[in-house]
There are 2 protein chains.
Amino acid sequence: MTESNRQVLLASRPEGKPTESSFRIKDGPLPSLGEGQVLVRNQWLSIDPYMRGRMMDIRTYAEPVALGDVMVGDTAGIVVESRHPGFAVGDAVAGHLGWQRFGAIDGSLLRKVDTTRVPLSAGLGVAGMPGVTAYVGLIDLCAPQAGETVVVTAASGGVGSVAGQLAKLRGCRVVGVAGGADKCRHVVDDLGFDACIDYKAADFKASLKAALPDGVNCIFDNVGGEVLDALLPRLRPGARITLCGAISEVDNPSPHGIRRLLPLIVNRVKVQGFIVGDHPERWAPAIDELSGHVAAGRIHFRETVAEGLEAAPRALIDLLAGRSLGKQLVRIL
Amino acid sequence: MTESNRQVLLASRPEGKPTESSFRIKDGPLPSLGEGQVLVRNQWLSIDPYMRGRMMDIRTYAEPVALGDVMVGDTAGIVVESRHPGFAVGDAVAGHLGWQRFGAIDGSLLRKVDTTRVPLSAGLGVAGMPGVTAYVGLIDLCAPQAGETVVVTAASGGVGSVAGQLAKLRGCRVVGVAGGADKCRHVVDDLGFDACIDYKAADFKASLKAALPDGVNCIFDNVGGEVLDALLPRLRPGARITLCGAISEVDNPSPHGIRRLLPLIVNRVKVQGFIVGDHPERWAPAIDELSGHVAAGRIHFRETVAEGLEAAPRALIDLLAGRSLGKQLVRIL
């Protein structure tokens, strides 16, 4: 092959919000394969909120991206060369290959995407990390029962949209929270939630209260801050809160947080923070169930697609600003 | 019997902090016994933070005390008449008999105090509701492992003092948080905690950080607010927080709360609110283990005693203001 490998590198650590100058493009040679490795031509790059954290020089549950290194991220693509017995040229795969056109990776770290049931790009969304995140956080940790009321924040996003539809399929009443009338319309009309509250509307708190006449049994939260705080007085006894993300705290020097813990005590609430990477044994069953729902038309999804690797920085900036609908992807040309 | 039954009634619902005028004394006849009931002459009344909540006209996990009714509370005393086969005159017992000298109650709601192992008053403390609260919240919900670091807030109180000593007996390093140098000295010198941080000291946050060089695996929290918030950056992966109380929020129109949820997500923390009344099956084994520790000198306790039922309102006010050390009791004369 004589094609070059285009990559997006972390150029500088942002002070405040990231900008396009936090990144830079580099063209170089294709990687050579070691024994057991697979070369993938990436077609899709997933843009996810966790990437913001990896740009900082802070060790959390994962190492930060080093300055000058390729940005981390999940991609989906086609195998173009294989030195691993489990993969053949032409296989559709997904893995953590980063913001680049070609990637070489151990076959043991790659998974196949069943394109007979879902499109390749869905291997990064409903049938990928965001889908498994929704599955583990909702089904395993919130464990909603039929007839219970579930609230999902960031309901139109890649994770929230799946969490809410899974809760509907489990027989729950599902109320979404999203930013703006367009997103809320999508959440109710296309995704089938019972209601959606626009947190940007002036009457947000009153609308939330009205939408939860019997309180809430399960909160799948991606946001934190004022939205979560407004939900706490509505908690039912024995309620569960899954903390999946806290986007309101990102780049926020004085986050709102939650002001009263007493509702958590009085109602014996369980709050559980989690990281989907801790649950490797749940990926296969989750992706299998989710792929079946997609193939049967029981779970719907929308994608916001940016064209070309060069558009990836802007796509992340837009995602963090709440300007994407559904799963944010980059099509790698 | 010709003795009168002195009672303390709820006279008015406090606006802001309760005062002595929130209560009034009433003398009246002794109750008569129904079939299956037991008449108890109370010797000790337990004063506990939950009583503040019952004074309000808000239904939480329990009904509020009605105006003009006897204040609720646990007492320990001696059976003076019995129409229940399980109890005989002279038995030492504890139960939820309220702020009064004599109480009649179904024998099924009464438990005996093993005064061969603990003093009668301890049936309201380490071998009573506070002890069981510490046991369930620490052993069942935090589940600390030997070698882990445990933080207990309100460490000199009736619940915190037991929780911390139980953690020491399980092989943990235990750091207390308490208000004032005297309380902290008691927590370390008498109760055997490894360290105690005075949250009223100017260098509170720096001291807390210094006392937790390896972070914290388990927080048994009675306080909420700034103390809990200062602990969150010290959380270890997989940490557990038991929310037992949030005294900093009581009578506080603008509580501090917790400002950042991200440490809970990054470290996959479980936060669990609980009410000891939900765990009736744990009372007998908890009290048995705790009584054994007391009898063997492995668990120590201190009591702050107010003399006479008339002193009970002031004892509650003092407790809520943090002016008691160890278990706050009233001796009923």
# chains A, B, ... in the order shown; residues from 1 in each chain; ligands from 1

$ select_by_dssp --residues "stretch 96-254 of chain A" --states "alpha helix (DSSP H)" --output "NGL selection string"
:A and (129-135 or 160-169 or 181-185 or 204-211 or 225-231)

$ write_last_selection --atoms "N, CA, C and O atoms" --output "compact mmCIF listing (two decimals), in the first residue's frame"
# COMPACT_ATOMS: atom_id res chain seq x y z
N MET A 129 -19.71 0.86 22.36
CA MET A 129 -19.48 1.32 23.73
C MET A 129 -20.66 2.12 24.29
O MET A 129 -21.08 1.84 25.43
N PRO A 130 -21.24 3.07 23.56
CA PRO A 130 -22.37 3.80 24.16
C PRO A 130 -23.56 2.89 24.47
O PRO A 130 -24.21 3.05 25.51
N GLY A 131 -23.83 1.94 23.59
CA GLY A 131 -24.93 1.01 23.84
C GLY A 131 -24.67 0.14 25.06
O GLY A 131 -25.56 -0.07 25.90
N VAL A 132 -23.44 -0.37 25.19
CA VAL A 132 -23.11 -1.20 26.35
C VAL A 132 -23.15 -0.36 27.63
O VAL A 132 -23.59 -0.82 28.69
N THR A 133 -22.72 0.90 27.52
CA THR A 133 -22.80 1.80 28.67
C THR A 133 -24.24 1.95 29.14
O THR A 133 -24.54 1.86 30.34
N ALA A 134 -25.13 2.18 28.18
CA ALA A 134 -26.56 2.29 28.52
C ALA A 134 -27.06 1.00 29.14
O ALA A 134 -27.81 1.01 30.13
N TYR A 135 -26.65 -0.13 28.57
CA TYR A 135 -27.13 -1.43 29.02
C TYR A 135 -26.68 -1.72 30.45
O TYR A 135 -27.49 -2.07 31.32
N GLY A 160 -27.89 8.08 26.29
CA GLY A 160 -29.22 8.30 26.84
C GLY A 160 -30.33 7.75 25.95
O GLY A 160 -31.32 7.18 26.45
N SER A 161 -30.17 7.91 24.64
CA SER A 161 -31.21 7.44 23.73
C SER A 161 -31.40 5.93 23.84
O SER A 161 -32.53 5.43 23.78
N VAL A 162 -30.33 5.20 24.02
CA VAL A 162 -30.42 3.74 24.16
C VAL A 162 -30.97 3.37 25.54
O VAL A 162 -31.84 2.49 25.67
N ALA A 163 -30.50 4.07 26.58
CA ALA A 163 -30.97 3.76 27.95
C ALA A 163 -32.49 3.92 28.04
O ALA A 163 -33.19 3.07 28.60
N GLY A 164 -33.00 5.00 27.48
CA GLY A 164 -34.44 5.24 27.56
C GLY A 164 -35.24 4.21 26.79
O GLY A 164 -36.29 3.73 27.26
N GLN A 165 -34.77 3.83 25.60
CA GLN A 165 -35.50 2.83 24.82
C GLN A 165 -35.44 1.46 25.48
O GLN A 165 -36.42 0.70 25.44
N LEU A 166 -34.31 1.13 26.10
CA LEU A 166 -34.23 -0.13 26.86
C LEU A 166 -35.23 -0.13 28.01
O LEU A 166 -35.88 -1.15 28.28
N ALA A 167 -35.36 1.01 28.68
CA ALA A 167 -36.31 1.09 29.81
C ALA A 167 -37.75 0.93 29.30
O ALA A 167 -38.57 0.25 29.94
N LYS A 168 -38.05 1.52 28.14
CA LYS A 168 -39.39 1.32 27.56
C LYS A 168 -39.61 -0.17 27.27
O LYS A 168 -40.69 -0.71 27.54
N LEU A 169 -38.61 -0.83 26.71
CA LEU A 169 -38.75 -2.25 26.38
C LEU A 169 -38.90 -3.11 27.64
O LEU A 169 -39.42 -4.23 27.57
N ALA A 181 -36.06 22.30 22.26
CA ALA A 181 -37.32 21.72 21.79
C ALA A 181 -37.09 20.67 20.70
O ALA A 181 -37.78 19.64 20.67
N ASP A 182 -36.10 20.90 19.83
CA ASP A 182 -35.84 19.92 18.76
C ASP A 182 -35.44 18.57 19.32
O ASP A 182 -35.94 17.52 18.91
N LYS A 183 -34.51 18.61 20.26
CA LYS A 183 -34.06 17.35 20.86
C LYS A 183 -35.23 16.66 21.56
O LYS A 183 -35.39 15.44 21.47
N CYS A 184 -36.04 17.43 22.28
CA CYS A 184 -37.15 16.82 23.01
C CYS A 184 -38.17 16.21 22.05
O CYS A 184 -38.72 15.13 22.33
N ARG A 185 -38.40 16.87 20.94
CA ARG A 185 -39.34 16.32 19.96
C ARG A 185 -38.81 14.97 19.44
O ARG A 185 -39.55 14.00 19.34
N PHE A 204 -38.60 24.84 33.49
CA PHE A 204 -38.03 23.50 33.57
C PHE A 204 -38.45 22.74 34.84
O PHE A 204 -38.95 21.61 34.78
N LYS A 205 -38.26 23.37 35.99
CA LYS A 205 -38.53 22.64 37.24
C LYS A 205 -40.01 22.29 37.39
O LYS A 205 -40.36 21.18 37.83
N ALA A 206 -40.88 23.22 37.02
CA ALA A 206 -42.31 22.94 37.11
C ALA A 206 -42.70 21.83 36.14
O ALA A 206 -43.51 20.95 36.48
N SER A 207 -42.13 21.84 34.94
CA SER A 207 -42.45 20.81 33.95
C SER A 207 -41.97 19.44 34.43
O SER A 207 -42.65 18.42 34.24
N LEU A 208 -40.79 19.44 35.04
CA LEU A 208 -40.24 18.18 35.54
C LEU A 208 -41.15 17.61 36.62
O LEU A 208 -41.48 16.41 36.61
N LYS A 209 -41.58 18.46 37.52
CA LYS A 209 -42.47 18.02 38.60
C LYS A 209 -43.78 17.48 38.02
O LYS A 209 -44.27 16.42 38.43
N ALA A 210 -44.31 18.20 37.04
CA ALA A 210 -45.59 17.78 36.45
C ALA A 210 -45.45 16.45 35.70
O ALA A 210 -46.40 15.66 35.65
N ALA A 211 -44.27 16.21 35.14
CA ALA A 211 -44.06 14.98 34.38
C ALA A 211 -43.83 13.77 35.29
O ALA A 211 -43.79 12.64 34.81
N GLY A 225 -25.39 18.33 38.27
CA GLY A 225 -25.76 19.72 38.40
C GLY A 225 -27.23 19.97 38.65
O GLY A 225 -27.91 19.19 39.31
N GLU A 226 -27.70 21.10 38.11
CA GLU A 226 -29.06 21.54 38.42
C GLU A 226 -30.13 20.54 38.02
O GLU A 226 -31.16 20.42 38.68
N VAL A 227 -29.89 19.83 36.92
CA VAL A 227 -30.89 18.87 36.45
C VAL A 227 -31.04 17.73 37.46
O VAL A 227 -32.15 17.39 37.89
N LEU A 228 -29.92 17.15 37.87
CA LEU A 228 -29.99 16.08 38.85
C LEU A 228 -30.54 16.59 40.18
O LEU A 228 -31.38 15.94 40.83
N ASP A 229 -30.09 17.76 40.59
CA ASP A 229 -30.53 18.33 41.87
C ASP A 229 -32.05 18.52 41.89
O ASP A 229 -32.70 18.29 42.90
N ALA A 230 -32.59 18.94 40.74
CA ALA A 230 -34.04 19.16 40.67
C ALA A 230 -34.82 17.85 40.73
O ALA A 230 -36.00 17.84 41.07
N LEU A 231 -34.16 16.75 40.40
CA LEU A 231 -34.83 15.46 40.44
C LEU A 231 -34.89 14.85 41.84
O LEU A 231 -35.77 14.03 42.14

$ interface_residues --of "chain B" --to "chain A" --cutoff "9 Å" --atoms "only C-alpha atoms" --output "ChimeraX atom specification"
/B:60-61,224-225,237,243-246,249-250,254-275

$ write_last_selection --atoms "N, CA and C atoms" --output "JSON list (two decimals), in the first residue's frame"
[["chain", "number", "residue", "atom", "x", "y", "z"],
["B", 60, "THR", "N", -41.81, 11.70, 56.13],
["B", 60, "THR", "CA", -40.62, 11.16, 55.49],
["B", 60, "THR", "C", -40.78, 9.65, 55.48],
["B", 61, "TYR", "N", -39.91, 8.94, 56.16],
["B", 61, "TYR", "CA", -40.08, 7.51, 56.27],
["B", 61, "TYR", "C", -40.97, 7.16, 57.45],
["B", 224, "GLY", "N", -22.74, 15.15, 56.01],
["B", 224, "GLY", "CA", -22.94, 15.79, 54.70],
["B", 224, "GLY", "C", -22.14, 17.09, 54.60],
["B", 225, "GLY", "N", -22.52, 17.93, 53.65],
["B", 225, "GLY", "CA", -21.98, 19.28, 53.54],
["B", 225, "GLY", "C", -20.48, 19.34, 53.30],
["B", 237, "PRO", "N", -10.63, 4.08, 44.14],
["B", 237, "PRO", "CA", -11.49, 3.30, 43.24],
["B", 237, "PRO", "C", -12.28, 2.24, 44.02],
["B", 243, "LEU", "N", -24.57, 6.81, 53.68],
["B", 243, "LEU", "CA", -25.20, 8.05, 54.15],
["B", 243, "LEU", "C", -26.14, 7.69, 55.28],
["B", 244, "CYS", "N", -25.70, 7.99, 56.50],
["B", 244, "CYS", "CA", -26.48, 7.66, 57.69],
["B", 244, "CYS", "C", -27.26, 8.87, 58.16],
["B", 245, "GLY", "N", -26.70, 10.05, 57.99],
["B", 245, "GLY", "CA", -27.35, 11.28, 58.40],
["B", 245, "GLY", "C", -26.71, 12.45, 57.69],
["B", 246, "ALA", "N", -27.35, 13.61, 57.79],
["B", 246, "ALA", "CA", -26.83, 14.82, 57.15],
["B", 246, "ALA", "C", -27.12, 16.00, 58.06],
["B", 249, "GLU", "N", -27.39, 19.64, 57.17],
["B", 249, "GLU", "CA", -28.51, 20.17, 56.39],
["B", 249, "GLU", "C", -29.72, 20.53, 57.25],
["B", 250, "VAL", "N", -29.69, 20.05, 58.51],
["B", 250, "VAL", "CA", -30.84, 20.25, 59.38],
["B", 250, "VAL", "C", -30.92, 21.73, 59.79],
["B", 254, "SER", "N", -29.61, 26.94, 53.27],
["B", 254, "SER", "CA", -28.78, 26.84, 52.07],
["B", 254, "SER", "C", -27.60, 25.91, 52.32],
["B", 255, "PRO", "N", -27.88, 24.63, 52.38],
["B", 255, "PRO", "CA", -26.80, 23.67, 52.68],
["B", 255, "PRO", "C", -25.75, 23.64, 51.58],
["B", 256, "HIS", "N", -24.55, 23.24, 51.97],
["B", 256, "HIS", "CA", -23.40, 23.23, 51.06],
["B", 256, "HIS", "C", -23.52, 22.12, 50.03],
["B", 257, "GLY", "N", -24.01, 20.96, 50.45],
["B", 257, "GLY", "CA", -24.13, 19.82, 49.52],
["B", 257, "GLY", "C", -22.79, 19.32, 49.04],
["B", 258, "ILE", "N", -22.80, 18.57, 47.95],
["B", 258, "ILE", "CA", -21.54, 18.15, 47.35],
["B", 258, "ILE", "C", -21.48, 18.75, 45.95],
["B", 259, "ARG", "N", -20.31, 19.28, 45.61],
["B", 259, "ARG", "CA", -20.23, 20.14, 44.44],
["B", 259, "ARG", "C", -19.84, 19.40, 43.16],
["B", 260, "ARG", "N", -19.10, 18.32, 43.29],
["B", 260, "ARG", "CA", -18.64, 17.59, 42.10],
["B", 260, "ARG", "C", -18.97, 16.12, 42.24],
["B", 261, "LEU", "N", -19.69, 15.60, 41.25],
["B", 261, "LEU", "CA", -20.03, 14.18, 41.22],
["B", 261, "LEU", "C", -18.98, 13.38, 40.47],
["B", 262, "LEU", "N", -18.14, 14.04, 39.68],
["B", 262, "LEU", "CA", -17.18, 13.30, 38.86],
["B", 262, "LEU", "C", -16.30, 12.34, 39.65],
["B", 263, "PRO", "N", -15.85, 12.72, 40.88],
["B", 263, "PRO", "CA", -15.06, 11.73, 41.65],
["B", 263, "PRO", "C", -15.83, 10.44, 41.91],
["B", 264, "LEU", "N", -17.16, 10.53, 42.00],
["B", 264, "LEU", "CA", -17.97, 9.33, 42.23],
["B", 264, "LEU", "C", -18.00, 8.44, 41.00],
["B", 265, "ILE", "N", -17.95, 9.08, 39.83],
["B", 265, "ILE", "CA", -18.01, 8.31, 38.58],
["B", 265, "ILE", "C", -16.64, 7.70, 38.29],
["B", 266, "VAL", "N", -15.62, 8.55, 38.30],
["B", 266, "VAL", "CA", -14.27, 8.11, 37.96],
["B", 266, "VAL", "C", -13.83, 6.95, 38.85],
["B", 267, "ASN", "N", -14.24, 6.99, 40.13],
["B", 267, "ASN", "CA", -13.84, 5.95, 41.07],
["B", 267, "ASN", "C", -14.90, 4.88, 41.29],
["B", 268, "ARG", "N", -15.94, 4.89, 40.47],
["B", 268, "ARG", "CA", -17.01, 3.85, 40.56],
["B", 268, "ARG", "C", -17.50, 3.70, 41.99],
["B", 269, "VAL", "N", -17.89, 4.80, 42.59],
["B", 269, "VAL", "CA", -18.25, 4.79, 44.00],
["B", 269, "VAL", "C", -19.73, 4.42, 44.16],
["B", 270, "LYS", "N", -20.01, 3.66, 45.19],
["B", 270, "LYS", "CA", -21.41, 3.38, 45.56],
["B", 270, "LYS", "C", -21.77, 4.23, 46.77],
["B", 271, "VAL", "N", -22.85, 4.99, 46.65],
["B", 271, "VAL", "CA", -23.37, 5.79, 47.76],
["B", 271, "VAL", "C", -24.71, 5.17, 48.17],
["B", 272, "GLN", "N", -24.88, 4.88, 49.44],
["B", 272, "GLN", "CA", -26.12, 4.23, 49.87],
["B", 272, "GLN", "C", -26.72, 4.95, 51.06],
["B", 273, "GLY", "N", -27.91, 5.52, 50.86],
["B", 273, "GLY", "CA", -28.68, 6.04, 51.98],
["B", 273, "GLY", "C", -29.42, 4.91, 52.66],
["B", 274, "PHE", "N", -29.59, 4.99, 53.98],
["B", 274, "PHE", "CA", -30.32, 3.90, 54.65],
["B", 274, "PHE", "C", -30.99, 4.38, 55.93],
["B", 275, "ILE", "N", -31.95, 3.57, 56.35],
["B", 275, "ILE", "CA", -32.73, 3.79, 57.57],
["B", 275, "ILE", "C", -32.68, 2.46, 58.33]]

$ atom_distance --atom1 "atom CA of A:Ser21" --atom2 "atom CA of A:Leu325"
24.4 Å

$ closest_residue --among "A:Ala201, A:Ala104, A:Ala306, A:Ala146" --to "A:Arg170" --atoms "only C-alpha atoms"
A:Ala146

$ residues_around --residues "stretch 67-69 of chain B" --least-positions-apart "5" --cutoff "9 Å" --atoms "only C-alpha atoms" --output "ChimeraX atom specification"
/B:8-13,23-24,55

$ select_by_dssp --residues "stretch 91-194 of chain B" --states "strand (DSSP E)" --output "list in words"
Ala92, Val93, Ala94, Gly95, Phe102, Gly103, Ala104, Ile105, Asp106, Arg111, Lys112, Thr149, Val150, Val151, Val152, Thr153, Arg173, Val174, Val175, Gly176, Val177 and Ala178 of chain B

$ write_last_selection --atoms "all heavy atoms" --output "short mmCIF file (atom, residue, chain, number, x, y, z; two decimals), in the first residue's frame"
data_model
loop_
_atom_site.label_atom_id
_atom_site.label_comp_id
_atom_site.auth_asym_id
_atom_site.auth_seq_id
_atom_site.Cartn_x
_atom_site.Cartn_y
_atom_site.Cartn_z
N ALA B 92 -35.47 -6.18 82.42
CA ALA B 92 -34.87 -4.97 81.84
C ALA B 92 -35.17 -4.97 80.34
O ALA B 92 -34.87 -5.95 79.65
CB ALA B 92 -33.37 -4.96 82.07
N VAL B 93 -35.76 -3.89 79.86
CA VAL B 93 -36.24 -3.86 78.48
C VAL B 93 -35.94 -2.51 77.82
O VAL B 93 -35.66 -1.52 78.50
CB VAL B 93 -37.77 -4.10 78.42
CG1 VAL B 93 -38.11 -5.52 78.85
CG2 VAL B 93 -38.53 -3.07 79.25
N ALA B 94 -36.03 -2.51 76.49
CA ALA B 94 -35.92 -1.26 75.73
C ALA B 94 -36.98 -1.29 74.63
O ALA B 94 -37.33 -2.36 74.12
CB ALA B 94 -34.53 -1.11 75.12
N GLY B 95 -37.48 -0.11 74.29
CA GLY B 95 -38.51 -0.02 73.24
C GLY B 95 -38.79 1.43 72.90
O GLY B 95 -38.22 2.35 73.50
N PHE B 102 -43.75 6.45 82.29
CA PHE B 102 -44.32 5.11 82.12
C PHE B 102 -44.83 4.95 80.70
O PHE B 102 -45.36 5.91 80.12
CB PHE B 102 -45.50 4.90 83.08
CG PHE B 102 -45.10 4.78 84.52
CD1 PHE B 102 -45.07 5.91 85.33
CD2 PHE B 102 -44.74 3.55 85.06
CE1 PHE B 102 -44.69 5.81 86.66
CE2 PHE B 102 -44.36 3.45 86.39
CZ PHE B 102 -44.33 4.57 87.20
N GLY B 103 -44.71 3.76 80.17
CA GLY B 103 -45.27 3.49 78.85
C GLY B 103 -45.85 2.09 78.80
O GLY B 103 -45.31 1.15 79.41
N ALA B 104 -46.97 1.94 78.08
CA ALA B 104 -47.57 0.63 77.84
C ALA B 104 -47.37 0.29 76.37
O ALA B 104 -47.58 1.14 75.50
CB ALA B 104 -49.06 0.66 78.17
N ILE B 105 -46.97 -0.94 76.09
CA ILE B 105 -46.64 -1.29 74.72
C ILE B 105 -46.85 -2.79 74.53
O ILE B 105 -46.73 -3.56 75.49
CB ILE B 105 -45.17 -0.90 74.39
CG1 ILE B 105 -44.87 -0.99 72.90
CG2 ILE B 105 -44.19 -1.72 75.22
CD1 ILE B 105 -43.52 -0.39 72.50
N ASP B 106 -47.19 -3.20 73.32
CA ASP B 106 -47.28 -4.63 73.02
C ASP B 106 -45.92 -5.28 73.27
O ASP B 106 -44.89 -4.76 72.82
CB ASP B 106 -47.66 -4.85 71.55
CG ASP B 106 -49.15 -4.65 71.31
OD1 ASP B 106 -49.90 -4.42 72.30
OD2 ASP B 106 -49.57 -4.71 70.14
N ARG B 111 -37.89 -5.27 73.48
CA ARG B 111 -36.80 -6.26 73.51
C ARG B 111 -36.11 -6.20 74.87
O ARG B 111 -36.06 -5.14 75.51
CB ARG B 111 -35.81 -6.03 72.36
CG ARG B 111 -35.16 -4.70 72.35
CD ARG B 111 -34.48 -4.35 71.02
NE ARG B 111 -34.23 -2.92 71.01
CZ ARG B 111 -33.25 -2.33 71.65
NH1 ARG B 111 -32.38 -3.04 72.34
NH2 ARG B 111 -33.11 -1.01 71.63
N LYS B 112 -35.59 -7.35 75.29
CA LYS B 112 -34.89 -7.38 76.57
C LYS B 112 -33.48 -6.85 76.42
O LYS B 112 -32.87 -6.99 75.35
CB LYS B 112 -34.86 -8.82 77.10
CG LYS B 112 -36.27 -9.32 77.47
CD LYS B 112 -36.24 -10.66 78.15
CE LYS B 112 -37.68 -11.13 78.36
NZ LYS B 112 -37.77 -12.49 78.92
N THR B 149 -8.92 1.91 54.45
CA THR B 149 -9.05 3.12 55.26
C THR B 149 -10.52 3.53 55.32
O THR B 149 -11.19 3.63 54.29
CB THR B 149 -8.21 4.26 54.68
OG1 THR B 149 -6.84 3.88 54.71
CG2 THR B 149 -8.41 5.55 55.47
N VAL B 150 -10.99 3.75 56.54
CA VAL B 150 -12.39 4.12 56.78
C VAL B 150 -12.41 5.50 57.44
O VAL B 150 -11.62 5.76 58.35
CB VAL B 150 -13.07 3.09 57.71
CG1 VAL B 150 -14.48 3.53 58.10
CG2 VAL B 150 -13.10 1.71 57.05
N VAL B 151 -13.29 6.38 56.96
CA VAL B 151 -13.52 7.66 57.62
C VAL B 151 -14.91 7.64 58.22
O VAL B 151 -15.88 7.24 57.57
CB VAL B 151 -13.37 8.84 56.65
CG1 VAL B 151 -13.86 10.14 57.29
CG2 VAL B 151 -11.92 8.99 56.21
N VAL B 152 -15.01 8.09 59.48
CA VAL B 152 -16.30 8.20 60.17
C VAL B 152 -16.48 9.65 60.59
O VAL B 152 -15.62 10.20 61.28
CB VAL B 152 -16.35 7.28 61.41
CG1 VAL B 152 -17.68 7.45 62.14
CG2 VAL B 152 -16.12 5.83 61.02
N THR B 153 -17.58 10.27 60.15
CA THR B 153 -17.86 11.65 60.57
C THR B 153 -18.79 11.62 61.79
O THR B 153 -19.45 10.62 62.04
CB THR B 153 -18.48 12.47 59.43
OG1 THR B 153 -19.77 11.92 59.10
CG2 THR B 153 -17.58 12.45 58.19
N ARG B 173 -7.75 0.88 59.02
CA ARG B 173 -7.24 2.14 59.53
C ARG B 173 -8.43 3.07 59.58
O ARG B 173 -9.18 3.21 58.60
CB ARG B 173 -6.16 2.67 58.58
CG ARG B 173 -5.56 3.96 59.05
CD ARG B 173 -4.24 4.30 58.35
NE ARG B 173 -3.83 5.59 58.87
CZ ARG B 173 -4.23 6.75 58.36
NH1 ARG B 173 -4.99 6.78 57.29
NH2 ARG B 173 -3.87 7.89 58.93
N VAL B 174 -8.64 3.74 60.73
CA VAL B 174 -9.87 4.52 60.92
C VAL B 174 -9.53 5.95 61.29
O VAL B 174 -8.82 6.21 62.26
CB VAL B 174 -10.77 3.89 62.01
CG1 VAL B 174 -12.07 4.68 62.13
CG2 VAL B 174 -11.07 2.43 61.67
N VAL B 175 -10.05 6.88 60.48
CA VAL B 175 -9.88 8.31 60.72
C VAL B 175 -11.26 8.89 61.06
O VAL B 175 -12.21 8.72 60.29
CB VAL B 175 -9.29 9.01 59.49
CG1 VAL B 175 -9.22 10.53 59.70
CG2 VAL B 175 -7.91 8.43 59.16
N GLY B 176 -11.35 9.55 62.20
CA GLY B 176 -12.59 10.20 62.59
C GLY B 176 -12.58 11.67 62.21
O GLY B 176 -11.52 12.28 62.03
N VAL B 177 -13.78 12.24 62.07
CA VAL B 177 -13.93 13.69 61.95
C VAL B 177 -14.91 14.10 63.04
O VAL B 177 -15.97 13.48 63.19
CB VAL B 177 -14.47 14.09 60.57
CG1 VAL B 177 -14.65 15.61 60.49
CG2 VAL B 177 -13.56 13.59 59.45
N ALA B 178 -14.53 15.11 63.83
CA ALA B 178 -15.39 15.55 64.92
C ALA B 178 -15.20 17.05 65.12
O ALA B 178 -14.27 17.64 64.57
CB ALA B 178 -15.08 14.79 66.21
#

$ closest_residue --among "A:Asp288, A:Glu81, A:Glu303, A:Asp251" --to "A:Gly158" --atoms "only C-alpha atoms"
A:Glu303

$ residues_around --residues "A:Trp44" --least-positions-apart "4" --cutoff "8 Å" --atoms "only C-alpha atoms" --output "PyMOL selection string"
chain A and resi 75-77+121+124+329-332

$ write_last_selection --atoms "N, CA, C and O atoms" --output "PDB file, in the first residue's frame"
ATOM      1  N   THR A  75     -13.066   3.296  16.812  1.00  0.00           N
ATOM      2  CA  THR A  75     -13.328   3.384  15.373  1.00  0.00           C
ATOM      3  C   THR A  75     -13.971   2.084  14.890  1.00  0.00           C
ATOM      4  O   THR A  75     -13.860   1.044  15.539  1.00  0.00           O
ATOM      5  N   ALA A  76     -14.627   2.189  13.736  1.00  0.00           N
ATOM      6  CA  ALA A  76     -15.136   0.994  13.053  1.00  0.00           C
ATOM      7  C   ALA A  76     -14.598   1.022  11.633  1.00  0.00           C
ATOM      8  O   ALA A  76     -14.503   2.095  11.017  1.00  0.00           O
ATOM      9  N   GLY A  77     -14.215  -0.149  11.128  1.00  0.00           N
ATOM     10  CA  GLY A  77     -13.639  -0.181   9.788  1.00  0.00           C
ATOM     11  C   GLY A  77     -13.554  -1.597   9.261  1.00  0.00           C
ATOM     12  O   GLY A  77     -14.210  -2.512   9.771  1.00  0.00           O
ATOM     13  N   SER A 121     -21.538   1.669  11.261  1.00  0.00           N
ATOM     14  CA  SER A 121     -21.401   2.809  12.171  1.00  0.00           C
ATOM     15  C   SER A 121     -22.063   2.519  13.530  1.00  0.00           C
ATOM     16  O   SER A 121     -21.645   3.054  14.558  1.00  0.00           O
ATOM     17  N   LEU A 124     -20.274   1.578  16.692  1.00  0.00           N
ATOM     18  CA  LEU A 124     -19.725   2.616  17.580  1.00  0.00           C
ATOM     19  C   LEU A 124     -20.805   3.263  18.433  1.00  0.00           C
ATOM     20  O   LEU A 124     -20.504   4.119  19.273  1.00  0.00           O
ATOM     21  N   LEU A 329     -20.530  11.121  15.177  1.00  0.00           N
ATOM     22  CA  LEU A 329     -19.541  10.324  14.447  1.00  0.00           C
ATOM     23  C   LEU A 329     -18.743  11.209  13.513  1.00  0.00           C
ATOM     24  O   LEU A 329     -19.182  12.297  13.128  1.00  0.00           O
ATOM     25  N   VAL A 330     -17.590  10.709  13.126  1.00  0.00           N
ATOM     26  CA  VAL A 330     -16.817  11.305  12.039  1.00  0.00           C
ATOM     27  C   VAL A 330     -16.662  10.229  10.964  1.00  0.00           C
ATOM     28  O   VAL A 330     -16.278   9.088  11.278  1.00  0.00           O
ATOM     29  N   ARG A 331     -17.016  10.576   9.724  1.00  0.00           N
ATOM     30  CA  ARG A 331     -16.783   9.642   8.629  1.00  0.00           C
ATOM     31  C   ARG A 331     -15.353   9.882   8.139  1.00  0.00           C
ATOM     32  O   ARG A 331     -14.977  11.012   7.812  1.00  0.00           O
ATOM     33  N   ILE A 332     -14.548   8.827   8.146  1.00  0.00           N
ATOM     34  CA  ILE A 332     -13.142   8.968   7.755  1.00  0.00           C
ATOM     35  C   ILE A 332     -13.035   8.684   6.272  1.00  0.00           C
ATOM     36  O   ILE A 332     -13.386   7.602   5.806  1.00  0.00           O
TER      37      ILE A 332
END
